[in-house]
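Read the structure below first, then the notes.
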There are 2 protein chains.
Amino acid sequence: MSKGEETRQAILDRAVGLASALGLEGLTIGRLAGELDLSKSGLFAHFQSKEALQVQVLEAAAARFVEVVVKPALGAPRGEPRVRALFERWLAWPKAVPQPGGCLFVAASIELDDKPGPARDLLVKLQRDWLDVLAVAVRTAVAEGHFEKSTDPEQFAFELYGTMLMCHHASRLLRDPKAVGRARRAFENLLAAARAPES
Amino acid sequence: MSKGEETRQAILDRAVGLASALGLEGLTIGRLAGELDLSKSGLFAHFQSKEALQVQVLEAAAARFVEVVVKPALGAPRGEPRVRALFERWLAWPKAVPQPGGCLFVAASIELDDKPGPARDLLVKLQRDWLDVLAVAVRTAVAEGHFEKSTDPEQFAFELYGTMLMCHHASRLLRDPKAVGRARRAFENLLAAARAPES
């Protein structure tokens, strides 16, 4: 990695955290410059426009998400343990990559849902990829005989991501100390419904 | 209702729709004035400040939510039918009270989670009230013998609202034509898990 690329990465890591709290729309180049004590013109040289910055922040967050959540979870044994690892890693993710405002993707999903453009297009792709990762792990759990053959992997992924969204909602907005415990129980309920009787 | 109060209500109904798409932060008095072709000074007379406008928009949306979702659902027979009515009414709500940007409360939950103040405080109260309405309906379904005695009403409400949040996410961001179908199936799975064996 060149020195310039390293600097860009370090800036983007900070930008991910900032965007989690301010929103992608609130993350202007001026604001980021103030936060990092860098010159606005220097940041413009790196990112050109607010829209380009938004896209690069989402790309940086996605790369970190793969590194911190997806890859380690795919190292867990095939089947139910891998599904569990994906869930547990997701729970830890806003701390693993500092996001004081909670998961950037959840926040951006609301912020960008009515805003056509390259940032929205990228976010849709990333969210579909994440649902696919979950569904593939579920399909593998069926193949391994951990889950019943009748399990619908896309439906399971839908319900699992719903649990994650509710966990985020209850933790972030409601500051509910039981949020993570309830999410874990919802996850166990999903597993119990999917589990093959013999396992 | 006085003429002034009627005007205020009509303005707030439009403001709810606008806020669903722009966000509560995007809903400035100037923007609302432009949308309604009214004078900015006239709107200031009604709402004083952007913060007061946000609070009144949330209050107006909550009053409409009670009228369009909660009250009619509470007219359904006690037990499972009432839980079902709450879910179905929720699905219809962003159309029943025009919210082109989807459910205002879901959008505001992300927008306000890091913004202390009266709007956030009100939203937290409203979201807790909604979870309570769901939990009470579930508790009644247990009392009616429709759901197993071991059903945890708060846990059920948590999982049900997770289904709603995912439905919103899949419809609004992903434009997934299967979103509502998947949410209905998730809801049936929740019911199946809770249902008393004899019913």
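By order of appearance in the structure tokens: chains A, B, ..., then residues from 1 within every chain, and ligands from 1 in the order shown.
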Quiz prompt | Near-A:Phe187 list (12 Å; only C-alpha atoms; drop same-chain fewer than 3 positions) as number ranges by chain | solution = A: 80, 83-88, 91, 156-157, 159-164, 166-167, 180-184, 190-194; B: 155, 158-159, 162
Exercise. Considering only C-alpha atoms, extract the chain A residues located within 6 Å of chain B and return them as a ChimeraX atom specification.
Key: /A:107,110,113,124,162-163,166,172-174
Could you please take those selected residues and save N, CA, C and O atoms as a PDB file, in the first residue's frame?
```pdb
ATOM      1  N   ALA A 107     -28.223   2.490   9.402  1.00  0.00           N
ATOM      2  CA  ALA A 107     -28.534   3.925   9.335  1.00  0.00           C
ATOM      3  C   ALA A 107     -28.657   4.387   7.887  1.00  0.00           C
ATOM      4  O   ALA A 107     -29.598   5.093   7.515  1.00  0.00           O
ATOM      5  N   ILE A 110     -31.985   3.660   5.878  1.00  0.00           N
ATOM      6  CA  ILE A 110     -33.106   4.585   6.037  1.00  0.00           C
ATOM      7  C   ILE A 110     -32.788   5.891   5.314  1.00  0.00           C
ATOM      8  O   ILE A 110     -33.633   6.464   4.626  1.00  0.00           O
ATOM      9  N   ASP A 113     -32.917   5.399   1.328  1.00  0.00           N
ATOM     10  CA  ASP A 113     -33.970   4.643   0.622  1.00  0.00           C
ATOM     11  C   ASP A 113     -34.740   5.481  -0.387  1.00  0.00           C
ATOM     12  O   ASP A 113     -35.235   4.950  -1.381  1.00  0.00           O
ATOM     13  N   VAL A 124     -27.644  -1.031  -1.796  1.00  0.00           N
ATOM     14  CA  VAL A 124     -28.567  -2.118  -2.133  1.00  0.00           C
ATOM     15  C   VAL A 124     -27.769  -3.383  -2.455  1.00  0.00           C
ATOM     16  O   VAL A 124     -28.082  -4.471  -1.966  1.00  0.00           O
ATOM     17  N   GLY A 162     -34.193  -9.371  10.277  1.00  0.00           N
ATOM     18  CA  GLY A 162     -35.206  -8.660  11.068  1.00  0.00           C
ATOM     19  C   GLY A 162     -34.829  -8.623  12.545  1.00  0.00           C
ATOM     20  O   GLY A 162     -34.981  -7.590  13.215  1.00  0.00           O
ATOM     21  N   THR A 163     -34.321  -9.728  13.046  1.00  0.00           N
ATOM     22  CA  THR A 163     -33.847  -9.780  14.441  1.00  0.00           C
ATOM     23  C   THR A 163     -32.713  -8.779  14.659  1.00  0.00           C
ATOM     24  O   THR A 163     -32.667  -8.078  15.676  1.00  0.00           O
ATOM     25  N   MET A 166     -34.078  -5.217  14.696  1.00  0.00           N
ATOM     26  CA  MET A 166     -34.785  -4.921  15.943  1.00  0.00           C
ATOM     27  C   MET A 166     -33.796  -4.759  17.091  1.00  0.00           C
ATOM     28  O   MET A 166     -33.994  -3.924  17.974  1.00  0.00           O
ATOM     29  N   ARG A 172     -30.232   1.140  20.164  1.00  0.00           N
ATOM     30  CA  ARG A 172     -29.836   2.498  19.800  1.00  0.00           C
ATOM     31  C   ARG A 172     -30.879   3.525  20.186  1.00  0.00           C
ATOM     32  O   ARG A 172     -30.554   4.531  20.788  1.00  0.00           O
ATOM     33  N   LEU A 173     -32.137   3.281  19.782  1.00  0.00           N
ATOM     34  CA  LEU A 173     -33.165   4.284  20.087  1.00  0.00           C
ATOM     35  C   LEU A 173     -33.679   4.100  21.504  1.00  0.00           C
ATOM     36  O   LEU A 173     -33.728   5.042  22.281  1.00  0.00           O
ATOM     37  N   LEU A 174     -34.073   2.880  21.853  1.00  0.00           N
ATOM     38  CA  LEU A 174     -34.744   2.677  23.139  1.00  0.00           C
ATOM     39  C   LEU A 174     -33.762   2.508  24.298  1.00  0.00           C
ATOM     40  O   LEU A 174     -34.176   2.546  25.452  1.00  0.00           O
TER      41      LEU A 174
END
```
